[in-house]
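Enquirer: Just passing along the structure, written as structure tokens.
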Amino acid sequence: MKFENLLAEVGGFGKFQISLILIMVIPRVTLPFHFLLINFIGAIPSHHCDISSLDADGIFGNLTQEERLTVSIPAQEDGSPASCHMFSHPQFHLLSNSSSTTDLPVVECQNGWKYDNSTFKSTLSTEFDLVCNKRGLNKATATIFFVGVMIGAAFSGWLSDRFGRKPMLMVSYLITAAFGVASAFSQSFIMFAITRFFTGLGITGISIITIVLCVEWADIEHRTFAAVIISLDWSIGTMILPGIAYFVKDWRSLVLAVTAPLALAVITWRWIPESARWLIVNGKLEEAHLYLSKCASVNKRENSLKDIKPQTLAAVIITENKGDRKYSCLDLIRSSNMRKLSILSGITWFGVAFTYYGISLNITGFGLDLYLTQFIYGAIELPAKLLAYVCLDKLGRRYSQAGLLVTTGACIGITILIPRDLWLPRTVIAVLGKGFSEAAFTCLFLYTTEIFPTMLRQNGLGYSSFVGRIGVSLAPLVVLLDEVWLPLPQVLFCTAAIAAGLLALLLPETRNVRLPETIEDIEKTRKRSIFSPLP
């Protein structure tokens with residue numbers, strides 16, 4: 001008797017699993033809110049030097065604001081005031097002579113900046129002056145957050161394999177909520193950076209623990225469907241975020257608004273079941289039997305466990321867990337097949353995450369409204385989920401993962417060749433690339449949960465996510481390389497996607513294959529599961 005057979009008997013995808021997915025939507029909707037938040041709180045509005053110091057003695061007299069800017073700040077090619085420089089002293093002759101200002105002496109802004117507040121009431125950039133020579137710090141806030149996500153992935157994976165999925169999920173809730181609220185009250189950029197780091201540290205647990213719980217409670221037949229459905233909350237959250245940001249234009253209030261759902265998540269946590277697979281593997285048979293009985297009851301299969309006693313469950317998953325041995329990330333590289341899986345999984349995660357966030361964090365480069373672009377990026381993910389489901393179901397995991405990654409890279413490559421003034425075709429291709437990259441991410445979460453065994457599943461997903469978040473952390477900084485060569489960021493994103501896609505072909509196929517429970521299952525060839533009723 002295998003666990004998959006037992007799960008089929010108590011209901012592999014019934015009201016119990018649907019209820020679990022619905023409860024998970026509450027915390028998971030905060031994932032795109034926080035991951036993409038920098039697009040709004042880090043937005044840089046139009047700005048120019050504060051010229052009040054030039055009018056210290058009232059020398060501007062009755063000049064209009066436009067005339068004051070003319071004599072104080074050099075004009076850019078489009079006629080707007082320069083963002084980072086001002087004249088060393090007023091150039092009154094420019095009022096009557098509009099000759100070139102390139103030869104006039106300029107200095108960097110002396111007394112800060114004046115910002116256009118028509119779109120945003122306040123952002124990180126306007127509050128902490130993260131513009132001009134501090135522009136890099138603005139992008140660094142995203143990197144700092146994703147470094148927290150990266151480290152949190154490794155720790156939450158290890159801890160949830162050791163102490164259980166459910167308790168570590170609550171820890172993730174509390175860390176994310178506490179530091180999310182704290183970041184909204186930051187009094188300096190340093191304080192904001194620190195609190196965002198710990199917000200990322202906590203929120204990654206929500207991401208990887210919830211997906212594993214849903215997949216571990218689904219049977220083979222419905223595993224793909226469960227993984228795709230639970231990932232829809234990301235797309236819906238991505239579409240909701242610009243709506244919230246449109247009405248909440250103060251960055252502090254926006255941070256609080258996107259963190260608020262976690263209060264409800266803490267309340268509903270009590271109804272989340274622990275993974276029965278994890279409980280059996282770790283010898284907690286009474287508790288595993290309790291949750292399986294609840295599953296059978298909710299799915300109206302009460303009689304399915306009448307002949308199954310808690311002690312019987314010990315034979316469902318035969319483990320090599322001798323004594324009190326605790327598994328860690330080191331076990332991912334101790335044996336040959338596990339080592340191969342871990343290396344290939346890490347590379348694939350890097351390629352997917354690096355490319356996805358390279359596209360997602362560059363929503364101002366296509367000539368469209370910031371809110372509209374973010375909404376379109378979210379809307380394209382809905383058909384992308386359908387594409388992912390069809391590919392996973394018909395082509396299998398390996399070819400779907402490789403094909404979607406290579407197609408994403410191709411879309412990015414095409415945008416490099418289209419002139420930047422042709423914003424419409426560039427936007428269309430970029431949106432398609434965003435859709436394919438989201439489909440690749442959807443495949444990846446399911447694929448990763450299927451290739452690692454139960455006793456190391458969270459460790460494997462945590463490690464893979466850790467490597468992927470390295471790519472995410474680098475993505476905002478790579479975008480800055482457009483100052484070196486304009487197409488360079490797109491060239492790097494394109495190359496990473498195609499290379500990772502080709503290497504993904506070396507991963508094993510897991511469609512319709514029983515979830516591995518032990519390292520021993522990985523080291524030997526797994527056969528396709530055949531459903532049969534319990535005797």
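Chain lettering (A, B, ...) mirrors the order of the structure tokens, residue numbering begins at 1 for each chain separately, and ligand numbering begins at 1 in order of display.
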Pick out each residue of region 95-304 of chain A that DSSP on the backbone tags as strand (DSSP E or B); I need them as number ranges by chain.

Expert: A: 106-108, 113-115, 122, 250

Enquirer: Go ahead and write the residues just picked, C-alpha atoms, as an mmCIF file, in the first residue's frame.

Expert:
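For reference, part_39.cif as written:
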data_model
loop_
_atom_site.group_PDB
_atom_site.id
_atom_site.type_symbol
_atom_site.label_atom_id
_atom_site.label_comp_id
_atom_site.auth_asym_id
_atom_site.auth_seq_id
_atom_site.Cartn_x
_atom_site.Cartn_y
_atom_site.Cartn_z
ATOM 1 C CA VAL A 106 26.347 74.044 -13.813
ATOM 2 C CA VAL A 107 26.540 72.333 -10.423
ATOM 3 C CA GLU A 108 24.741 69.436 -8.822
ATOM 4 C CA TRP A 113 14.777 68.509 -5.291
ATOM 5 C CA LYS A 114 11.237 69.514 -6.128
ATOM 6 C CA TYR A 115 9.034 66.594 -7.207
ATOM 7 C CA SER A 122 5.001 60.324 -1.784
ATOM 8 C CA ASP A 250 1.297 57.489 -0.101
#

Enquirer: Looking at only C-alpha atoms, which of A:Val478, A:Leu169, A:Leu488, A:Cys295 is the one that sits closest to Met24 (chain A)?

Expert: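 Of A:Val478, A:Leu169, A:Leu488, A:Cys295, the one nearest Met24 (chain A) is A:Leu169, counting only C-alpha atoms.
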
Enquirer: Mind checking which residues fall within 12 Å of Arg270 (chain A), counting only C-alpha atoms, ignoring those fewer than 5 positions away in the same chain, and posting them as number ranges by chain?

Expert: A: 20, 23-24, 166-167, 169-170, 264-265

Enquirer: What separation in Å, quoted to one decimal, exists between CA of Phe146 (chain A) and CA of Gly200 (chain A)?

Expert: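 These atoms are spaced 6.2 Å apart.
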